[in-house]
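Listing of entry24.txt; format and content: compact mmCIF, C-alpha atoms and all ligand atoms.
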```
# COMPACT_ATOMS: atom_id res chain seq x y z
CA MET A 1 81.26 64.60 4.20
CA PHE A 2 79.95 65.40 0.74
CA GLU A 3 82.21 63.22 -1.39
CA ARG A 4 79.59 60.48 -1.43
CA PHE A 5 77.32 62.78 -3.48
CA LEU A 6 79.97 63.65 -6.06
CA VAL A 7 79.62 61.88 -9.41
CA GLY A 8 82.22 63.23 -11.83
CA PRO A 9 82.19 67.01 -11.62
CA SER A 10 78.56 67.27 -10.49
CA LEU A 11 76.40 66.16 -7.61
CA GLU A 12 73.82 63.41 -7.56
CA PHE A 13 71.34 62.26 -4.97
CA GLY A 14 70.06 58.72 -5.41
CA GLY A 15 71.16 58.79 -9.03
CA VAL A 16 69.42 62.08 -9.86
CA ALA A 17 71.35 65.26 -10.72
CA LEU A 18 70.95 67.87 -8.01
CA GLU A 19 70.41 70.58 -10.60
CA ASP A 20 67.40 68.71 -11.98
CA LEU A 21 65.93 68.20 -8.52
CA VAL A 22 66.21 71.87 -7.68
CA ALA A 23 64.87 72.94 -11.07
CA GLU A 24 61.79 70.77 -10.56
CA PHE A 25 61.10 71.11 -6.85
CA GLY A 26 62.73 74.39 -5.76
CA THR A 27 64.46 75.27 -2.49
CA PRO A 28 64.57 74.82 0.43
CA LEU A 29 64.18 71.15 -0.33
CA TYR A 30 64.33 68.07 1.86
CA LEU A 31 65.91 65.15 0.00
CA LEU A 32 65.77 61.58 1.24
CA ASP A 33 67.90 58.82 -0.24
CA ALA A 34 65.81 55.65 -0.05
CA ALA A 35 68.81 53.36 -0.57
CA VAL A 36 70.38 54.61 2.67
CA VAL A 37 67.21 53.82 4.64
CA ARG A 38 66.85 50.39 3.05
CA ALA A 39 70.51 49.55 3.70
CA ARG A 40 70.23 50.61 7.33
CA ALA A 41 67.04 48.62 7.87
CA ARG A 42 68.81 45.56 6.40
CA ALA A 43 71.93 46.10 8.51
CA LEU A 44 69.88 46.44 11.68
CA ARG A 45 67.79 43.39 10.97
CA SER A 46 70.86 41.34 10.23
CA ALA A 47 72.65 42.55 13.40
CA GLY A 48 69.48 42.21 15.47
CA GLY A 49 68.63 38.60 14.63
CA GLU A 50 65.57 37.63 16.66
CA ALA A 51 65.23 41.03 18.31
CA HIS A 52 62.09 43.06 17.67
CA ILE A 53 62.83 46.28 15.78
CA ALA A 54 60.44 49.22 15.62
CA TYR A 55 61.28 52.46 13.83
CA ALA A 56 60.70 55.47 16.09
CA SER A 57 58.51 57.40 13.69
CA LYS A 58 58.86 60.66 15.62
CA ALA A 59 62.17 61.03 13.75
CA ASN A 60 60.34 61.45 10.46
CA SER A 61 56.85 60.16 9.76
CA THR A 62 56.64 61.15 6.10
CA LEU A 63 54.23 58.53 4.73
CA ALA A 64 56.35 57.37 1.80
CA LEU A 65 59.33 57.00 4.14
CA LEU A 66 57.24 54.87 6.50
CA GLN A 67 56.36 52.69 3.51
CA ILE A 68 60.07 52.07 2.91
CA ILE A 69 60.52 51.16 6.57
CA GLU A 70 57.57 48.76 6.39
CA GLN A 71 58.97 47.17 3.23
CA GLY A 72 62.25 46.76 5.13
CA GLY A 73 60.48 44.45 7.57
CA LEU A 74 60.46 46.75 10.59
CA ASP A 75 57.59 47.62 12.89
CA VAL A 76 56.95 51.15 14.06
CA ASP A 77 56.58 53.11 17.24
CA ALA A 78 54.27 56.08 17.59
CA ALA A 79 54.21 58.83 20.20
CA SER A 80 50.80 60.30 19.41
CA ILE A 81 47.49 59.68 17.69
CA GLY A 82 48.91 61.48 14.65
CA GLU A 83 51.86 59.12 14.43
CA ILE A 84 49.51 56.13 14.81
CA GLU A 85 47.47 57.53 11.93
CA ALA A 86 50.62 58.03 9.84
CA ALA A 87 51.66 54.41 10.43
CA LEU A 88 48.20 53.11 9.46
CA ARG A 89 48.10 55.27 6.33
CA ALA A 90 51.54 53.99 5.34
CA GLY A 91 50.34 50.39 5.54
CA PHE A 92 51.29 49.19 9.02
CA GLY A 93 48.72 47.15 10.91
CA GLY A 94 47.79 47.92 14.50
CA HIS A 95 49.65 44.76 15.54
CA GLN A 96 52.88 46.41 14.29
CA ILE A 97 52.55 49.63 16.27
CA THR A 98 53.80 50.44 19.78
CA LEU A 99 52.36 53.51 21.51
CA HIS A 100 54.49 55.79 23.68
CA GLY A 101 53.89 59.07 25.44
CA ASN A 102 54.26 60.52 28.91
CA ALA A 103 50.87 62.26 28.79
CA LYS A 104 48.66 60.16 26.57
CA THR A 105 45.08 61.30 26.15
CA ASP A 106 42.08 59.00 26.51
CA VAL A 107 41.55 59.42 22.77
CA GLU A 108 45.01 57.98 22.16
CA LEU A 109 44.57 55.13 24.63
CA HIS A 110 41.11 54.33 23.29
CA ALA A 111 42.38 54.24 19.70
CA ALA A 112 45.28 52.01 20.74
CA VAL A 113 42.93 49.57 22.47
CA GLN A 114 40.49 49.49 19.55
CA LEU A 115 43.27 48.98 17.02
CA GLY A 116 44.76 46.07 18.95
CA ILE A 117 48.06 47.86 19.10
CA ARG A 118 51.11 45.64 19.68
CA ARG A 119 52.30 47.26 22.91
CA ILE A 120 51.31 50.29 24.96
CA VAL A 121 54.21 51.67 26.96
CA ILE A 122 52.93 52.82 30.35
CA ASP A 123 54.51 55.95 31.69
CA ASP A 124 52.64 56.84 34.90
CA PHE A 125 50.43 55.31 37.63
CA VAL A 126 47.37 57.25 36.52
CA GLU A 127 47.64 55.67 33.10
CA ILE A 128 47.44 52.15 34.52
CA GLY A 129 43.90 52.63 35.85
CA ARG A 130 42.70 54.59 32.82
CA LEU A 131 44.01 52.01 30.38
CA ALA A 132 42.66 49.09 32.40
CA LEU A 133 39.16 50.62 32.33
CA LEU A 134 39.30 51.24 28.59
CA ALA A 135 40.53 47.68 27.98
CA GLU A 136 37.77 46.22 30.20
CA ALA A 137 35.13 48.25 28.41
CA ALA A 138 36.38 46.86 25.11
CA ASP A 139 36.56 43.36 26.59
CA LYS A 140 40.24 43.12 25.65
CA ARG A 141 43.48 42.21 27.35
CA VAL A 142 46.07 44.76 26.33
CA SER A 143 49.81 44.04 26.16
CA VAL A 144 51.87 46.65 27.95
CA LEU A 145 55.44 47.53 28.80
CA VAL A 146 56.40 49.55 31.84
CA ARG A 147 58.74 52.39 30.96
CA VAL A 148 61.48 52.76 33.52
CA ALA A 149 63.86 55.59 34.31
CA PRO A 150 67.04 53.68 34.97
CA GLY A 151 68.92 56.59 36.51
CA VAL A 152 71.79 56.81 34.05
CA ASP A 153 73.27 59.94 32.56
CA PRO A 154 73.78 59.49 28.82
CA LYS A 155 75.95 62.62 28.42
CA THR A 156 74.02 64.16 25.59
CA HIS A 157 72.17 67.45 25.27
CA LEU A 158 69.67 68.13 28.06
CA ALA A 159 66.74 68.23 25.66
CA ILE A 160 67.39 64.71 24.36
CA ARG A 161 68.48 63.15 27.67
CA THR A 162 65.75 60.92 29.08
CA GLY A 163 67.27 58.16 31.20
CA GLN A 164 68.30 60.10 34.30
CA ASP A 165 66.56 59.78 37.70
CA ASP A 166 64.69 63.09 37.45
CA THR A 167 63.37 62.60 33.91
CA LYS A 168 59.70 63.24 33.21
CA PHE A 169 59.50 59.85 31.50
CA GLY A 170 58.61 56.54 33.10
CA PHE A 171 58.96 55.05 36.55
CA ASN A 172 62.06 55.52 38.62
CA ILE A 173 63.87 52.28 39.41
CA GLY A 174 65.90 53.83 42.22
CA ASN A 175 63.00 54.98 44.39
CA GLY A 176 60.94 51.80 43.96
CA SER A 177 58.28 53.30 41.63
CA ALA A 178 59.12 50.90 38.82
CA LEU A 179 58.50 47.84 40.97
CA GLN A 180 55.26 49.34 42.27
CA ALA A 181 54.13 50.03 38.70
CA ILE A 182 54.84 46.44 37.70
CA GLU A 183 52.73 45.20 40.61
CA ALA A 184 49.96 47.67 39.80
CA VAL A 185 49.84 46.49 36.19
CA ARG A 186 49.82 42.86 37.24
CA ALA A 187 46.86 43.56 39.50
CA GLN A 188 44.77 44.55 36.47
CA LYS A 189 43.14 41.60 34.67
CA SER A 190 42.72 43.57 31.46
CA LEU A 191 46.44 44.36 31.21
CA HIS A 192 49.14 41.89 30.26
CA LEU A 193 52.58 42.94 31.44
CA ARG A 194 55.09 41.91 28.78
CA GLY A 195 58.18 43.61 30.09
CA LEU A 196 60.20 46.77 30.52
CA HIS A 197 61.11 49.66 28.32
CA PHE A 198 63.71 52.40 28.61
CA HIS A 199 65.06 55.10 26.35
CA VAL A 200 68.11 56.80 27.80
CA GLY A 201 68.70 59.57 25.27
CA SER A 202 69.49 60.38 21.70
CA GLN A 203 72.53 61.03 19.47
CA LEU A 204 74.71 58.79 21.64
CA MET A 205 78.06 57.75 20.21
CA ASN A 206 78.15 54.39 21.99
CA SER A 207 76.08 52.00 24.11
CA GLN A 208 77.61 52.83 27.52
CA ALA A 209 74.42 54.37 28.90
CA HIS A 210 72.31 51.52 27.51
CA VAL A 211 74.59 48.96 29.14
CA ALA A 212 74.31 50.73 32.50
CA ALA A 213 70.53 50.88 32.11
CA ILE A 214 70.34 47.18 31.25
CA ARG A 215 72.21 46.39 34.47
CA ARG A 216 69.57 48.32 36.44
CA CYS A 217 66.77 46.56 34.57
CA GLY A 218 68.36 43.18 35.34
CA GLU A 219 68.28 44.02 39.06
CA LEU A 220 64.66 45.11 38.78
CA ALA A 221 63.74 41.94 36.88
CA ARG A 222 65.15 39.81 39.71
CA ASP A 223 62.74 41.54 42.10
CA ALA A 224 59.84 41.55 39.65
CA ASP A 225 60.23 38.06 38.19
CA GLY A 226 58.74 37.04 34.85
CA ILE A 227 59.97 39.91 32.65
CA GLU A 228 59.64 38.52 29.11
CA GLU A 229 60.72 41.55 27.11
CA LEU A 230 63.21 44.37 27.38
CA VAL A 231 63.02 47.26 24.91
CA VAL A 232 66.17 49.37 24.99
CA GLY A 233 64.80 52.39 23.10
CA GLY A 234 66.70 54.19 20.38
CA GLY A 235 69.62 56.52 20.77
CA LEU A 236 72.40 55.47 18.43
CA GLY A 237 73.87 58.62 16.92
CA ILE A 238 74.83 59.64 13.41
CA ARG A 239 77.44 61.80 11.68
CA TYR A 240 76.40 65.42 11.53
CA THR A 241 80.00 66.55 11.14
CA PRO A 242 83.25 64.75 10.35
CA ASP A 243 84.02 64.85 14.11
CA ASP A 244 81.06 62.62 14.99
CA ASN A 245 82.16 59.02 15.23
CA PRO A 246 79.29 56.78 16.33
CA GLN A 247 79.81 53.12 17.11
CA SER A 248 78.86 50.77 14.25
CA VAL A 249 75.37 49.35 14.48
CA SER A 250 76.67 45.79 14.79
CA ALA A 251 78.99 46.74 17.66
CA PHE A 252 76.15 48.64 19.32
CA VAL A 253 73.70 45.75 19.00
CA ASP A 254 76.29 43.16 20.12
CA SER A 255 77.11 45.12 23.23
CA ILE A 256 73.40 45.26 24.09
CA PHE A 257 73.08 41.50 23.63
CA HIS A 258 76.08 40.88 25.88
CA ALA A 259 74.83 43.26 28.53
CA VAL A 260 71.40 41.58 28.58
CA LYS A 261 73.00 38.15 28.85
CA ARG A 262 75.04 39.26 31.82
CA ALA A 263 72.28 41.21 33.56
CA PHE A 264 69.41 38.75 33.15
CA LYS A 265 71.35 35.45 33.59
CA ASN A 266 68.88 32.52 33.39
CA ASP A 267 65.76 34.49 32.49
CA GLN A 268 66.67 36.03 29.15
CA PRO A 269 64.07 38.51 27.85
CA LYS A 270 63.30 39.09 24.18
CA ILE A 271 65.10 42.29 23.20
CA GLY A 272 63.55 45.22 21.34
CA PHE A 273 65.22 48.17 19.60
CA GLU A 274 63.57 51.48 18.63
CA PRO A 275 65.96 53.47 16.47
CA GLY A 276 64.84 56.70 14.88
CA ARG A 277 67.69 59.01 14.02
CA TRP A 278 70.11 56.24 13.04
CA LEU A 279 67.72 54.78 10.45
CA VAL A 280 66.82 57.95 8.58
CA GLY A 281 69.05 60.85 9.68
CA GLU A 282 71.91 60.37 7.25
CA ALA A 283 69.50 59.59 4.42
CA GLY A 284 68.39 63.22 4.43
CA THR A 285 70.01 66.33 3.00
CA THR A 286 68.48 69.81 2.86
CA ILE A 287 69.22 72.06 -0.09
CA TYR A 288 69.06 75.85 0.26
CA ARG A 289 69.91 78.74 -1.98
CA VAL A 290 72.10 81.60 -0.81
CA ALA A 291 70.04 84.79 -0.74
CA VAL A 292 72.57 87.21 0.75
CA ARG A 293 76.32 87.36 1.37
CA LYS A 294 77.37 89.97 3.86
CA SER A 295 80.60 90.78 5.71
CA VAL A 296 80.32 92.24 9.20
CA GLY A 297 83.59 92.89 10.96
CA ARG A 298 85.62 89.72 10.55
CA LYS A 299 82.56 87.54 9.95
CA THR A 300 81.11 86.66 6.60
CA TYR A 301 77.50 85.60 6.55
CA VAL A 302 75.66 83.70 3.92
CA ALA A 303 71.94 83.90 4.53
CA VAL A 304 69.92 81.12 2.93
CA ASP A 305 66.28 80.80 1.92
CA GLY A 306 65.38 78.61 4.91
CA GLY A 307 66.35 78.34 8.56
CA MET A 308 64.73 77.65 11.89
CA ALA A 309 61.31 76.93 10.39
CA ASP A 310 62.61 73.95 8.41
CA ASN A 311 65.36 73.01 10.89
CA PRO A 312 64.79 74.21 14.45
CA ARG A 313 67.44 71.94 16.00
CA PRO A 314 70.34 74.43 16.03
CA GLN A 315 68.08 76.97 17.75
CA LEU A 316 66.46 74.45 20.08
CA TYR A 317 69.55 72.80 21.45
CA GLY A 318 72.63 73.94 19.63
CA ALA A 319 72.71 71.03 17.18
CA VAL A 320 75.80 71.22 14.97
CA TYR A 321 75.78 70.48 11.24
CA SER A 322 78.24 70.70 8.39
CA ALA A 323 77.55 72.07 4.91
CA PHE A 324 78.95 72.18 1.43
CA ASN A 325 78.51 74.38 -1.57
CA ALA A 326 76.57 72.19 -3.98
CA SER A 327 77.10 74.62 -6.85
CA LYS A 328 80.87 74.50 -6.48
CA PRO A 329 81.67 71.03 -5.18
CA GLY A 330 85.03 70.98 -6.96
CA GLU A 331 86.36 74.09 -5.20
CA ASP A 332 88.31 73.93 -1.95
CA HIS A 333 86.05 74.38 1.04
CA ASP A 334 88.53 76.36 3.09
CA ALA A 335 86.86 79.66 3.96
CA THR A 336 84.76 80.13 7.10
CA PHE A 337 81.21 81.40 6.78
CA LYS A 338 78.39 81.77 9.23
CA ILE A 339 75.28 80.26 7.65
CA ALA A 340 72.25 82.26 8.76
CA GLY A 341 68.59 81.50 8.25
CA ARG A 342 65.98 83.96 6.98
CA HIS A 343 63.80 84.08 10.07
CA CYS A 344 63.27 86.92 12.49
CA GLU A 345 65.56 85.58 15.18
CA THR A 346 69.27 85.03 15.12
CA ASP A 347 68.67 81.66 13.53
CA THR A 348 72.16 80.52 12.79
CA LEU A 349 72.13 77.20 10.97
CA ILE A 350 75.90 76.71 11.19
CA GLU A 351 78.23 78.89 13.21
CA LYS A 352 81.43 78.05 11.32
CA ALA A 353 80.84 76.38 7.99
CA LYS A 354 83.73 75.64 5.64
CA LEU A 355 82.77 76.68 2.11
CA PRO A 356 84.64 77.88 -0.98
CA PRO A 357 85.76 81.52 -0.66
CA SER A 358 83.76 82.31 -3.82
CA THR A 359 80.46 81.24 -2.21
CA ASP A 360 77.89 83.83 -3.17
CA VAL A 361 74.28 84.72 -3.87
CA GLY A 362 72.53 82.06 -5.94
CA ASP A 363 74.77 79.16 -4.90
CA LEU A 364 73.15 76.01 -3.58
CA ILE A 365 74.12 75.01 -0.05
CA ALA A 366 73.61 71.41 1.03
CA ILE A 367 73.34 70.42 4.68
CA PRO A 368 73.59 66.64 5.10
CA SER A 369 72.13 64.47 7.86
CA THR A 370 68.80 66.25 8.05
CA GLY A 371 66.59 63.19 7.62
CA ALA A 372 65.65 62.95 11.30
CA TYR A 373 63.91 65.53 13.50
CA ASN A 374 63.84 68.19 10.78
CA ALA A 375 60.74 67.90 8.57
CA CYS A 376 58.72 66.59 11.51
CA MET A 377 59.72 69.58 13.67
CA ALA A 378 59.19 72.18 10.95
CA SER A 379 56.90 75.16 11.47
CA ASN A 380 55.43 78.02 9.47
CA TYR A 381 57.31 80.67 11.43
CA ASN A 382 57.16 83.99 9.60
CA ARG A 383 54.33 82.42 7.56
CA TYR A 384 56.72 80.55 5.32
CA PRO A 385 55.22 77.45 3.67
CA ARG A 386 56.98 74.20 4.60
CA PRO A 387 59.39 72.74 2.03
CA ALA A 388 58.75 69.73 -0.19
CA THR A 389 60.24 66.31 0.57
CA VAL A 390 61.56 64.34 -2.38
CA ILE A 391 62.61 60.70 -2.08
CA VAL A 392 65.25 59.71 -4.61
CA GLU A 393 66.09 56.16 -5.57
CA GLY A 394 67.61 54.43 -8.59
CA GLY A 395 67.64 57.58 -10.69
CA GLU A 396 64.00 58.44 -9.96
CA ALA A 397 62.67 61.33 -7.89
CA PHE A 398 59.40 60.87 -6.05
CA LEU A 399 57.59 63.89 -4.61
CA ALA A 400 56.67 62.50 -1.18
CA VAL A 401 55.46 65.77 0.33
CA GLN A 402 54.40 68.65 -1.84
CA ARG A 403 55.72 72.10 -0.98
CA GLU A 404 53.02 73.93 0.98
CA SER A 405 51.30 76.70 -0.87
CA ILE A 406 50.80 80.11 0.70
CA ASP A 407 47.05 79.33 0.79
CA GLN A 408 47.68 76.19 2.84
CA VAL A 409 49.43 78.29 5.44
CA PHE A 410 46.08 80.02 6.08
CA VAL A 411 43.77 77.06 5.55
CA ASN A 412 42.55 76.77 9.15
CA GLU A 413 41.98 80.47 9.77
CA ARG A 414 39.03 82.76 9.30
CA LEU A 415 38.42 86.43 9.72
CA ARG A 416 35.71 87.65 12.08
C1 LIG B 501 60.77 56.17 23.54
C2 LIG B 501 61.69 56.51 22.43
N1 LIG B 501 62.13 55.52 21.62
C3 LIG B 501 62.95 55.78 20.59
C4 LIG B 501 63.36 57.07 20.31
C5 LIG B 501 64.25 57.31 19.14
O1 LIG B 501 65.47 57.83 19.48
P1 LIG B 501 66.60 58.03 18.41
O2 LIG B 501 66.03 58.84 17.33
O3 LIG B 501 67.69 58.68 19.14
O4 LIG B 501 67.00 56.66 17.93
C6 LIG B 501 62.94 58.13 21.12
C7 LIG B 501 63.37 59.50 20.86
O5 LIG B 501 63.07 60.45 21.49
C8 LIG B 501 62.07 57.84 22.21
O6 LIG B 501 61.62 58.80 23.01
```

Would you mind writing the file's structure down as structure tokens?
Amino acid sequence: MFERFLVGPSLEFGGVALEDLVAEFGTPLYLLDAAVVRARARALRSAGGEAHIAYASKANSTLALLQIIEQGGLDVDAASIGEIEAALRAGFGGHQITLHGNAKTDVELHAAVQLGIRRIVIDDFVEIGRLALLAEAADKRVSVLVRVAPGVDPKTHLAIRTGQDDTKFGFNIGNGSALQAIEAVRAQKSLHLRGLHFHVGSQLMNSQAHVAAIRRCGELARDADGIEELVVGGGLGIRYTPDDNPQSVSAFVDSIFHAVKRAFKNDQPKIGFEPGRWLVGEAGTTIYRVAVRKSVGRKTYVAVDGGMADNPRPQLYGAVYSAFNASKPGEDHDATFKIAGRHCETDTLIEKAKLPPSTDVGDLIAIPSTGAYNACMASNYNRYPRPATVIVEGGEAFLAVQRESIDQVFVNERLR
């Protein structure tokens, strides 16, 4: 998977030599290739036609990355007051933001109402009354979507599976809650029901679960009448390893269009997409330095200068990545290493990584496809400062997020 970075005998990211990036910004280092994000935004807009497209900023809400998304003509979805703030700081207007969340606070709902946010996605009955009151108090009519749980199993990891009947998200179609929620919203003068929303899960290799969910939404829309919009969430997967083979974005989008046509017949809703991972995941690569090489029994470890604090996904839900030795890209990657992190848990980054047999202390290890759900999930575990994020484009490196200093790790604390 690393050939795309190889320029002659050395490695480049966005036209900048890796060695220069590491010399200037250190390791561990999050790199983002802006051209990949721009190309994906273009591809999605061209496949999507009239559809509304909002980037799911939970995947990575680095401000300078959000700017690129905004320049690409996409709107944004936020799952918290912090993500709303990130979108505003990056230049989005309230009318471009959709608010999600299964347990929104009054502060979040109030901010959304005041900002004239594009859509608020309602997740529970209690939210309907709370939001209606806030909207009345502000003398506004707020546009909302009802999030439904369509009762489909997307066959992805439990932690990123959200469309099944017993999910914590949204209103169940099967037990009648979704229809009741639609009626409850329609009974509120200060709320304007625009349509339905679902998100079935993440890192899906094809649209099968979406298509099944659309069928359920079509049935619901026949009972509910007047559904103008259908947002089908995100979910399209990316290549973490050479074995991952996601459907192309155009095939994915086309199959959604066809499914909506079939399911909604004469009352076609406007379609919305909310991709996160697919837009930014493959744009990211994390660079580490090998700190230790150690053989234990038949296993050889390389321990790097990062781990679960900058990428918790392998620990959280067994996410699988591939790696390459960025110091020795020309050598055969045919020896098996276990790539360990430096944290005080067994924080394996990659169980069986193929690297050159000569891989050793001081080498740079690159792990591609870390642009989504890495930086935004990072922590200071073991009091390590979070890495820098550098956006590279056209031979220029832009420091989008400065590496945290050790002082910043303690900035909110005081001694008694
Ligand atoms: C409501 C909603 N929309 C969109 C997304 C983005 O999903 P993905 O990154 O898989 O495209 C998520 C992810 O959790 C989500 O919860």

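Minimum atom-to-atom distance to Leu31 in chain A, evaluated using all atoms listed in the file, belongs to A:Gly284 out of A:Gly276, A:Gly297, A:Gly284, A:Pro356.
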
Exercise. Enumerate, as a count of residues only, the protein, DNA and RNA residues whose atoms approach (61.1, 79.0, 11.6) to within 12 Å, taking into account only C-alpha atoms and the coordinate frame of the file.
Key: 35

Practice problem: Can you pull out every residue within 7 Å of Gly116 in chain A, counting all atoms listed in the file, but drop anything in the same chain fewer than 4 positions away, and send it as a PyMOL selection string? | Solution: chain A and resi 94-95+112

Keeping only C-alpha atoms, write the selected residues to a file as a short mmCIF file (atom, residue, chain, number, x, y, z; two decimals), in the coordinates of the input.
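File again_15.cif, as written:
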```
data_model
loop_
_atom_site.label_atom_id
_atom_site.label_comp_id
_atom_site.auth_asym_id
_atom_site.auth_seq_id
_atom_site.Cartn_x
_atom_site.Cartn_y
_atom_site.Cartn_z
CA GLY A 94 47.79 47.92 14.50
CA HIS A 95 49.65 44.76 15.54
CA ALA A 112 45.28 52.01 20.74
#
```

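Restricting the calculation to all atoms listed in the file, the smallest distance between ligand LIG 501 (chain B) and any of A:Ala213, A:Val231, A:Ala353, A:Leu399 is found for A:Val231.
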
Practice problem: Name all residues at most 9 Å from Val302 in chain A (count all atoms listed in the file; drop same-chain ones fewer than 5 positions away) and give them as a ChimeraX atom specification. | Solution: /A:290-295,337-341,359-361

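Nearest to ligand LIG 501 (chain B) of all the residues A:Leu131, A:Ala372, A:Ala138, A:Ile97 is A:Ala372, counting all atoms listed in the file.
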
Exercise. Return as a PyMOL selection string the residues of protein, DNA or RNA that approach ligand LIG 501 (chain B) to within 9 Å, with only C-alpha atoms and all ligand atoms taken into account.
Key: chain A and resi 54-59+77-79+100-101+121+147+160-162+169+197-204+231-237+273-281+372-373

Go ahead and find all residues with at least one atom no further than 9 Å from (70.1, 40.5, 34.9) in the file's coordinates, using all atoms listed in the file; report them as a PDB file with C-alpha atoms, in the coordinates of the input.
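The file below, point.pdb, is the result:
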```
ATOM      1  CA  ILE A 214      70.340  47.180  31.250  1.00  0.00           C
ATOM      2  CA  ARG A 215      72.210  46.390  34.470  1.00  0.00           C
ATOM      3  CA  ARG A 216      69.570  48.320  36.440  1.00  0.00           C
ATOM      4  CA  CYS A 217      66.770  46.560  34.570  1.00  0.00           C
ATOM      5  CA  GLY A 218      68.360  43.180  35.340  1.00  0.00           C
ATOM      6  CA  GLU A 219      68.280  44.020  39.060  1.00  0.00           C
ATOM      7  CA  LEU A 220      64.660  45.110  38.780  1.00  0.00           C
ATOM      8  CA  ALA A 221      63.740  41.940  36.880  1.00  0.00           C
ATOM      9  CA  ARG A 222      65.150  39.810  39.710  1.00  0.00           C
ATOM     10  CA  ALA A 259      74.830  43.260  28.530  1.00  0.00           C
ATOM     11  CA  VAL A 260      71.400  41.580  28.580  1.00  0.00           C
ATOM     12  CA  LYS A 261      73.000  38.150  28.850  1.00  0.00           C
ATOM     13  CA  ARG A 262      75.040  39.260  31.820  1.00  0.00           C
ATOM     14  CA  ALA A 263      72.280  41.210  33.560  1.00  0.00           C
ATOM     15  CA  PHE A 264      69.410  38.750  33.150  1.00  0.00           C
ATOM     16  CA  LYS A 265      71.350  35.450  33.590  1.00  0.00           C
ATOM     17  CA  ASN A 266      68.880  32.520  33.390  1.00  0.00           C
ATOM     18  CA  ASP A 267      65.760  34.490  32.490  1.00  0.00           C
ATOM     19  CA  GLN A 268      66.670  36.030  29.150  1.00  0.00           C
TER      20      GLN A 268
END
```

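Non-sequential neighbours of Leu6 in chain A (distance at most 12 Å, separation of 6 or more positions within a chain, only C-alpha atoms) are Glu12, Phe13, Gly14, Gly15, Val16, Ala17, Leu18, Phe324, Asn325, Ala326, Ser327, Lys328, Pro329 and Gly330 of chain A.
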
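For the pair CA of Ser405 in chain A and CA of Pro368 in chain A, the separation is 25.2 Å.
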
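Here CA of Gly174 in chain A and CA of Val126 in chain A stand 19.7 Å from one another.
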
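Among the candidates A:Glu282, A:Asp153, A:Glu351, A:Asp254, the one nearest to Gly48 in chain A when counting all atoms listed in the file is A:Asp254.
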